[in-house]
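Participant: The following block contains the structure, expressed as C-alpha cells.
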There are 2 protein chains.
Amino acid sequence: MLALGLMPSAPAHAFSLQGDGKGKHIVILGGGLAGMTAAYELNKLGYRTTILEARNRSGGRVFSVRKGSTHQEVGGPVLTSTFDEGQYFNAGPSRIPHHHKLTLHYCKELGVPLEVYNNVNESTYYFSEGKGKLSNQKVRAREIHNDMRGYTSELLAKALDQDKLDLAMSKEDAAKVLEYLRAEGGLDIDKLYKASARRGYLEAPGAGEKSGKIADPHKLVDIIQSGLLDPDFYNVAEYTYELQMTMFQAVGGMDSIAKALEKKIAGSLKFGAEVKAITNVADGVKVTYKDKTGEHEIKGDICICTLPLPVLSNINHNFASDVSRAIDFVPYIQTGKIGLQFKRRFWEEDEHIFGGITHTNNDLTQIFYPSNGYLGKKGVLIGCYNFNDKAKRVGDMSVAEREKFALEKGSLIHPQYKQEFENSFSVTWHKTLYNMGGWAVYGSEERKNLYPALLKPDKNVYFAGEHTTYLTAWMAGAFESARSTVAAVHSRLAEQRVQYPTTTNKG
Amino acid sequence: MLALGLMPSAPAHAFSLQGDGKGKHIVILGGGLAGMTAAYELNKLGYRTTILEARNRSGGRVFSVRKGSTHQEVGGPVLTSTFDEGQYFNAGPSRIPHHHKLTLHYCKELGVPLEVYNNVNESTYYFSEGKGKLSNQKVRAREIHNDMRGYTSELLAKALDQDKLDLAMSKEDAAKVLEYLRAEGGLDIDKLYKASARRGYLEAPGAGEKSGKIADPHKLVDIIQSGLLDPDFYNVAEYTYELQMTMFQAVGGMDSIAKALEKKIAGSLKFGAEVKAITNVADGVKVTYKDKTGEHEIKGDICICTLPLPVLSNINHNFASDVSRAIDFVPYIQTGKIGLQFKRRFWEEDEHIFGGITHTNNDLTQIFYPSNGYLGKKGVLIGCYNFNDKAKRVGDMSVAEREKFALEKGSLIHPQYKQEFENSFSVTWHKTLYNMGGWAVYGSEERKNLYPALLKPDKNVYFAGEHTTYLTAWMAGAFESARSTVAAVHSRLAEQRVQYPTTTNKG
C-alpha cells in the first residue's frame, strides 16, 4: 500500500505555456477570482482581455464586509456596512486549506500575507436546544469530544476484553489495540472512563495548593438525549479533509486576494457592466451588456464565462441544449452569514474562546469567532452561518429581523450580546444580486448528467468558476478552473495559428 | 451535572493589593519570568527590589535562540548562534494554552503581541522505525487518525449491532450511538470503514474531469505492527488540556515576554550576579553573590528565591531540613531541543506542512515546524525535542554530534535536509548552567512528601517558580507563583506594620 506521505512532492506551480496570444481578444464574464485569474494569465501570454463585471467591486463571492461595503439582495435596497474602521468579516470564503496549493501559490505570487485560520478550537461550545439534561446550556466541545472518546473506547475495550469480537488478529496485536484504546479514551487502569483533565477543569490548577478540580464526565445517555450526537454536532468541522488544520486566511480580509488580482488586471476590468446576452457567432462571441450609459456590444474571439449558473440562467444565449440544461438545473446551495460587531471581545475576555466555531442545532447553525485581532478591543463575529432550509428561513426575513434573530438566539449562548452589540450586516447569497446562490452542489446524478456539458466549450464560449470543478465552494475551484480554461483556450488558439499560418517573411 | 461552560466567567486579572511596601527591600533570586514578575508587582506596591541574575540576559528558560544568542552547558564552551537575522526558535517554552489566563493577561498588559501556535496539523507525519509495512516511511497523521477512527467505530458498531454489549440504554438511544459512530468513523451505509477523503488524496481533486483519487485505508494489522499505536504516537499532543487548540506564541519569539518584563523592572536587575549563599538572619536575609568584580553581600527584609531546585541544591543555605530535602530531591526532567536553520522551507513548499509536529519513535521524538514566517524563504525548525532517556542520550553527545544525529535521523523523514541545511543550535536543559533541568516533575509521592515544604516561607525566604505550582513546565506556573508569593509577602509585611505601628502624627 502506498503511503500518501511517500508520494513525490508536487511540482512548483509555475504556469508556463508556449506561444503568445497577440492579436486575440478574450471577453471574460465576471470579475470574481476565476475571471480575474483567467485575465491575469491570459495577459501574461499577450492576449487582450476584457472583463465585464456587473458590480462596482471585484471579487464576487470573495467579499469582506467592512466599513462602507455595500450589498444588495433581489428586490431590496442597497445596504451599507457601518462597521468600525478595521473591523470586518468574510461574507464569502473565509478559509484556505493548507493543501489548496494553487490558492497558496497565487497568494505568494500576488504578495498577499496569510495567517492561520483557527478552525479547530476545543473551547468553543455545543449548544443544543431541546429537552435533554445538557440541552439549553452551553457545553464546551472538549467535554463532548473527550467524553465520547472515553465512552466509545471503554465500550470497545470491554468487547475486546471479553473476546466478543472476531478481530482476526493475534492476541498480541489485540493487546496493542487495547493499550491504544486506553490512551485514546483516557481510560484508567481498569479501562474505565472516569474524570479526566482533558475535558477541562472546574477550578484551574495554579500555584501552591491549587491542584485543580476536575468534573465528572457527562453521562452518555444525557449526551445522547440532549441531541449532542446528532448531525448538527458531528465532527465534520475537524475531520473533513478541507477543514483539517492547518487552515489560513488572508491578513485583513479575504478580499485582499481579489484586490491584489484586480491590481494586476485593472486595465481589463469594466465595472458596472451587466451582461444581457451571449451569442456565439461564426468568428467569435458577441456579448451584450448594459452600464450606466446604456446597452453596448463587445466582440471577442473567445469568451470565458465565469458567471454563477443561476445568474447565467437569466441571460439570453444561444448555447446548445445540454449546456442550457446544465445552466438551468445544476443546484446551488442556499446559504447566508450574519456579521455582528461587538464593543468588546467578550468571547475572548470572559470565555477564553480564540477563533473556532460554536455549533448549535437552532437556525444559527454556527458562530464563527474571528481568527484575527486576538486580545483586541472590538470584534466582529459571524453570528450565523447556515445552509439549506435554515438559510432559507433566515434569508426570508428582513435585514432587521435577521439581526433580531441572530441576537436572540446568540444571547442564549452568549448573554453578553445584549450589552455589547453595536451593529450587524447580513449577506444571503441565494438572494444576492449577481450571485443567486452559494455554490454549485453536485450530487452524483448531476455530476453524471449535467456537469460534463460545462467542461467543453460551447463553440467559442468556455465556462469557468468553482462550478466547473470538484472543488466547489472553494477559492481553489476558481483558480484551478481559470488555469485549466486558459490552457484550453490557449491551446486552441495556438493550434488555429498552426492551421492557418499568416504569411511570414522567410528572407 | 454542571457544564463547565455555564460557570461564571473568571474575574478580570487585575492584582490590587492594599497598603504599600515603602521602606522594605526584597531580594529576588533569578531573573526569569517568576522573579521579574515578582519584582514588577512588588515595585507597583512601592517595595524596593533587587533581582540577582547569574546570566547576562533575563528570561531563564524563556530563551529564544537567534543570531548572536549565547548558551553554555556544564563543562562546555560558550556557544554563539549563527542563525540569520530574523530566524529563531524557542529553546524553552514555545506554546501558550488559551486557558492560561494570567499568561495572556501579562502579554496584554505588557503589550506583547501574540499569534496562533498551530499545535494541531493533520498533515504532519508519523515516522516509525521498525519492521512493519508502514515502518521506515512517513505516513501523514490524518491517515492514521482517520483509519483508527474508522476501524474502532466499525468494530464498536458491529458489537452494538449484534447486541454483544450490555449498553444499559434504550434501543432508540443505541441507534443514535450507531449513527454517531457512522459519522465519527466515516463508515459507509453498511457501517464498514472503507476509503475516505478524510485521509487525503492520492490525486487531488481539481477542475473539469479531475474528481480526485482516494487511497485505500491502511490495514489495521499494518498500523499495529508498524508501531503506530505505540505510545510514541499517542494523541497526547492534541488531547491534553494544555495542548488543545487554541494555542499561542509571542510574535517574534517567546523572549518578547521576558524582554517586555525586563523593561519594566530594569532598575532592579543585576546581571552576571551568581548566588553563592542564602542565609536567613534575625531581621531578614543575607545573600552572597559573585560577579565580575568579586564576591558581595546583599541584605533584604525578605528574599524570594526562584532558582531552579537543581541549581539551588548547590548553593549554601541554612534552610530547614524539609526544605533542604525538597530542594535536593524533587526530580527535574531531562530535555533538549535542536534548532536547525534551512535555506528553504521545504516542509511547506514540497510537503504542505505549516506548523504542527511530526512524531517519531527514534530519539528525535518530535520535529516542530515553525508557526511563523509561513511561505517565507528560510526557516528554523526544531529538529529534535525529546525527554528522559532519549534526551540524556542526545545531551551526552557533543554539539557537533547532536547536529549530525539530528540531520541523519531527520533526513529519513525529510531527505531535503541534506540539500537545504545551513546551521544548528542545541540546548540541553539538564546540562545547562543555571538551569540543570527542564522543569520539576512531581509524582504523587513527591507532591505529598516534598512539595509542601516549598509552599511556605523558610523564615524570611519564599520560594517561587513553576516548581511551586501545579502548572509545572508552563510559563503560567512562573506567573501564578510570582503573584501568589507577592501576595503572601505583602500580607506578611502589611501585618507586621499593623503589629508594630510607627508613630503617626494624629494632630
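Note on naming: chains are A, B, ... as they come in the C-alpha cells, residues start from 1 per chain, ligands start from 1 in the order shown.
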List the neighbours of region 458-475 of chain B out to 7 Å using only C-alpha atoms; skip same-chain residues closer than 6 positions along the sequence, and give me the result as a VMD selection string.
Facilitator: (chain A and resid 205 to 208 210 to 211) or (chain B and resid 34 93 103 280 284 to 285 302 to 306 319 to 320 439 to 440 481 to 482 485)
Participant: Taking only C-alpha atoms into account and nothing else, which residues of chain A lie no more than 7 Å away from chain B? Please answer as a tab-separated table (two decimals) with C-alpha atoms, in the first residue's frame.
Facilitator:
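What ended up in result30.tsv:
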```tsv
chain	number	residue	atom	x	y	z
A	3	ALA	CA	1.55	5.86	1.92
A	4	LEU	CA	0.44	9.30	0.78
A	5	GLY	CA	3.41	10.79	2.53
A	6	LEU	CA	5.73	8.95	0.22
A	9	SER	CA	6.39	16.20	-3.91
A	10	ALA	CA	4.16	18.21	-6.21
A	98	HIS	CA	-3.21	24.03	3.53
A	99	HIS	CA	-3.40	21.62	0.60
A	116	VAL	CA	-3.64	30.86	10.48
A	120	VAL	CA	-10.14	23.78	15.48
A	121	ASN	CA	-10.81	25.04	18.98
A	122	GLU	CA	-11.71	22.73	21.82
A	137	GLN	CA	-26.92	25.27	28.05
A	138	LYS	CA	-23.51	25.63	26.56
A	139	VAL	CA	-21.15	22.71	26.81
A	140	ARG	CA	-17.51	23.04	25.74
A	156	LEU	CA	-14.81	-1.32	22.64
A	159	ALA	CA	-15.90	-6.04	23.93
A	164	LYS	CA	-16.85	-10.71	21.85
A	165	LEU	CA	-15.48	-9.60	18.52
A	173	ASP	CA	-1.93	-7.32	18.34
A	176	LYS	CA	-1.86	-3.30	21.47
A	180	TYR	CA	-4.28	2.24	22.24
A	183	ALA	CA	-4.68	6.10	25.63
A	184	GLU	CA	-7.23	7.27	23.06
A	197	ALA	CA	-8.37	16.78	32.83
A	198	ARG	CA	-8.76	16.51	29.05
A	199	ARG	CA	-12.29	17.83	29.36
A	200	GLY	CA	-11.16	20.88	31.34
A	202	LEU	CA	-13.98	23.16	37.27
A	205	PRO	CA	-4.71	24.36	38.67
A	206	GLY	CA	-2.41	27.09	39.95
A	207	ALA	CA	0.31	27.90	42.43
A	208	GLY	CA	0.78	26.32	45.85
A	210	LYS	CA	-4.25	24.77	43.89
A	211	SER	CA	-4.14	21.32	42.37
A	224	ILE	CA	-27.48	11.26	23.53
A	229	LEU	CA	-24.67	13.11	18.94
A	234	TYR	CA	-20.79	15.85	14.12
A	235	ASN	CA	-17.11	16.49	13.88
A	239	TYR	CA	-12.40	15.62	10.09
A	240	THR	CA	-13.26	16.77	6.57
A	241	TYR	CA	-10.10	16.93	4.50
A	244	GLN	CA	-8.37	19.88	8.72
A	245	MET	CA	-5.77	22.13	10.25
A	246	THR	CA	-3.66	23.90	9.12
A	350	ASP	CA	-14.85	36.18	29.54
A	351	GLU	CA	-14.89	32.78	27.87
A	352	HIS	CA	-11.35	32.25	26.55
A	354	PHE	CA	-9.99	32.47	20.41
A	455	LEU	CA	-16.45	21.18	-19.29
A	468	THR	CA	-16.72	23.62	-13.26
A	469	THR	CA	-14.58	21.74	-10.72
A	470	TYR	CA	-14.54	19.14	-7.99
A	471	LEU	CA	-13.54	21.96	-5.64
A	477	GLY	CA	-12.07	25.94	-7.64
A	480	GLU	CA	-7.98	25.72	-10.86
A	481	SER	CA	-10.76	26.31	-13.37
A	484	SER	CA	-7.48	24.90	-16.88
```
Participant: Can you pull out every residue within 6 Å of region 423-431 of chain B, counting only C-alpha atoms, but drop anything in the same chain fewer than 2 positions away, and send it as a ChimeraX atom specification?
Facilitator: /B:73-74,334-341,395,436-438
Participant: Could the residues in this selection be saved with all heavy atoms as a short mmCIF file (atom, residue, chain, number, x, y, z; two decimals), in the first residue's frame?
Facilitator:
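That gives us selection.cif:
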```
data_model
loop_
_atom_site.label_atom_id
_atom_site.label_comp_id
_atom_site.auth_asym_id
_atom_site.auth_seq_id
_atom_site.Cartn_x
_atom_site.Cartn_y
_atom_site.Cartn_z
N GLU B 73 26.73 25.04 28.42
CA GLU B 73 26.41 23.86 29.20
C GLU B 73 27.58 23.54 30.13
O GLU B 73 28.70 23.99 29.90
CB GLU B 73 26.06 22.69 28.27
CG GLU B 73 24.77 22.99 27.50
CD GLU B 73 24.33 21.89 26.54
OE1 GLU B 73 24.91 20.79 26.56
OE2 GLU B 73 23.39 22.16 25.77
N VAL B 74 27.28 22.77 31.16
CA VAL B 74 28.30 22.48 32.18
C VAL B 74 29.54 21.86 31.54
O VAL B 74 29.44 20.89 30.79
CB VAL B 74 27.72 21.51 33.23
CG1 VAL B 74 28.80 21.14 34.25
CG2 VAL B 74 26.53 22.15 33.93
N GLN B 334 14.79 15.63 32.15
CA GLN B 334 15.90 15.81 31.20
C GLN B 334 15.28 16.09 29.84
O GLN B 334 14.42 15.30 29.38
CB GLN B 334 16.73 14.54 31.13
CG GLN B 334 17.41 14.21 32.46
CD GLN B 334 18.27 12.96 32.36
OE1 GLN B 334 17.80 11.91 31.96
NE2 GLN B 334 19.53 13.09 32.73
N THR B 335 15.65 17.16 29.23
CA THR B 335 15.03 17.52 27.95
C THR B 335 15.93 18.43 27.14
O THR B 335 16.74 19.18 27.72
CB THR B 335 13.65 18.20 28.19
OG1 THR B 335 13.03 18.47 26.93
CG2 THR B 335 13.78 19.52 28.95
N GLY B 336 15.81 18.35 25.85
CA GLY B 336 16.61 19.19 24.97
C GLY B 336 15.92 19.44 23.64
O GLY B 336 15.03 18.70 23.24
N LYS B 337 16.35 20.50 22.99
CA LYS B 337 15.85 20.84 21.66
C LYS B 337 17.03 21.15 20.76
O LYS B 337 18.05 21.68 21.24
CB LYS B 337 14.95 22.08 21.72
CG LYS B 337 13.56 21.85 22.28
CD LYS B 337 12.74 23.15 22.21
CE LYS B 337 11.37 22.95 22.86
NZ LYS B 337 10.63 24.23 22.98
N ILE B 338 16.88 20.84 19.49
CA ILE B 338 17.88 21.23 18.50
C ILE B 338 17.19 22.03 17.40
O ILE B 338 16.27 21.52 16.75
CB ILE B 338 18.58 20.00 17.88
CG1 ILE B 338 19.16 19.10 18.99
CG2 ILE B 338 19.66 20.43 16.89
CD1 ILE B 338 19.80 17.81 18.46
N GLY B 339 17.61 23.27 17.24
CA GLY B 339 17.07 24.10 16.16
C GLY B 339 17.93 23.96 14.92
O GLY B 339 19.16 23.94 15.01
N LEU B 340 17.28 23.81 13.76
CA LEU B 340 18.00 23.65 12.50
C LEU B 340 17.55 24.73 11.52
O LEU B 340 16.35 24.85 11.24
CB LEU B 340 17.70 22.27 11.89
CG LEU B 340 17.96 21.03 12.76
CD1 LEU B 340 17.39 19.78 12.08
CD2 LEU B 340 19.45 20.86 13.02
N GLN B 341 18.50 25.50 11.03
CA GLN B 341 18.15 26.51 10.03
C GLN B 341 18.32 25.94 8.63
O GLN B 341 19.35 25.33 8.32
CB GLN B 341 19.00 27.77 10.20
CG GLN B 341 18.63 28.85 9.15
CD GLN B 341 19.45 30.12 9.30
OE1 GLN B 341 19.45 30.75 10.35
NE2 GLN B 341 20.14 30.50 8.24
N GLY B 395 21.80 14.50 24.76
CA GLY B 395 22.53 15.51 25.54
C GLY B 395 23.95 15.10 25.85
O GLY B 395 24.84 15.95 26.02
N MET B 436 20.08 23.28 34.85
CA MET B 436 20.32 21.91 35.30
C MET B 436 19.05 21.04 35.31
O MET B 436 18.94 20.08 36.08
CB MET B 436 20.95 21.92 36.71
CG MET B 436 22.25 22.73 36.79
SD MET B 436 23.47 22.22 35.55
CE MET B 436 23.94 20.62 36.20
N GLY B 437 18.11 21.39 34.42
CA GLY B 437 16.92 20.56 34.31
C GLY B 437 15.87 21.29 33.50
O GLY B 437 15.95 22.51 33.31
N GLY B 438 14.91 20.54 33.01
CA GLY B 438 13.85 21.14 32.21
C GLY B 438 12.81 21.81 33.08
O GLY B 438 12.60 23.01 33.03
#
```
Participant: Run DSSP on the backbone and grab whatever in region 177-354 of chain B lands in strand (DSSP E or B); send it over as a ChimeraX atom specification.
Facilitator: /B:187,193,201-203,207,213-214,247-250,269-270,274-281,284-291,294-300,302-305,316-317,332,335-342
Participant: If I take CA of Ser268 (chain A) and CA of Arg48 (chain A), how far is one from the other in Å, to one decimal?
Facilitator: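 Taking CA of Ser268 (chain A) as the start and CA of Arg48 (chain A) as the end point, the length is 7.9 Å.
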Participant: Rank nothing, just name the residue among B:Tyr289, B:Tyr442, B:Tyr434, B:Phe83 nearest to Gly59 (chain B), using only C-alpha atoms.
Facilitator: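 With only C-alpha atoms as the atom set, the closest residue is B:Tyr434.
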Participant: Taking the DSSP assignment computed from this structure's backbone, write out as an MDAnalysis selection string all residues of region 296-391 of chain B that belong to helix (DSSP H, G or I).
Facilitator: chainID B and resid 309:312 321:329 346:349 388:391
Participant: Next, write the just-selected residues to a file, as a PDB file, in the first residue's frame, keeping C-alpha atoms as the atom set.
Facilitator:
```
ATOM      1  CA  LEU B 309      15.910  23.426  42.554  1.00  0.00           C
ATOM      2  CA  PRO B 310      18.867  21.574  40.962  1.00  0.00           C
ATOM      3  CA  VAL B 311      20.731  24.909  40.954  1.00  0.00           C
ATOM      4  CA  LEU B 312      19.648  25.838  44.454  1.00  0.00           C
ATOM      5  CA  SER B 321      15.686  20.134  56.755  1.00  0.00           C
ATOM      6  CA  ASP B 322      12.334  19.525  54.985  1.00  0.00           C
ATOM      7  CA  VAL B 323      13.033  22.436  52.656  1.00  0.00           C
ATOM      8  CA  SER B 324      16.530  21.227  52.046  1.00  0.00           C
ATOM      9  CA  ARG B 325      15.241  17.745  51.293  1.00  0.00           C
ATOM     10  CA  ALA B 326      12.702  19.091  48.760  1.00  0.00           C
ATOM     11  CA  ILE B 327      15.415  21.155  47.092  1.00  0.00           C
ATOM     12  CA  ASP B 328      17.662  18.120  46.792  1.00  0.00           C
ATOM     13  CA  PHE B 329      15.116  15.515  45.772  1.00  0.00           C
ATOM     14  CA  PHE B 346      10.849  22.654   2.015  1.00  0.00           C
ATOM     15  CA  TRP B 347       8.354  21.288   4.578  1.00  0.00           C
ATOM     16  CA  GLU B 348       5.955  23.971   3.332  1.00  0.00           C
ATOM     17  CA  GLU B 349       6.925  24.176  -0.329  1.00  0.00           C
ATOM     18  CA  ASN B 388      14.187  11.481  29.670  1.00  0.00           C
ATOM     19  CA  ASP B 389      16.453   8.713  28.322  1.00  0.00           C
ATOM     20  CA  LYS B 390      16.267   9.987  24.782  1.00  0.00           C
ATOM     21  CA  ALA B 391      17.242  13.481  25.900  1.00  0.00           C
TER      22      ALA B 391
END
```
Participant: When you draw a straight line from CA of Asn56 (chain A) to CA of Asp84 (chain A), how long is it in Å?
Facilitator: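 Interatomic distance, CA of Asn56 (chain A) to CA of Asp84 (chain A): 21.7 Å.
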Participant: Using only C-alpha atoms, find the one residue out of B:Gln87, B:Ser58, B:Gln18, B:Gln72 that sits nearest to Glu422 (chain B).
Facilitator: B:Gln87
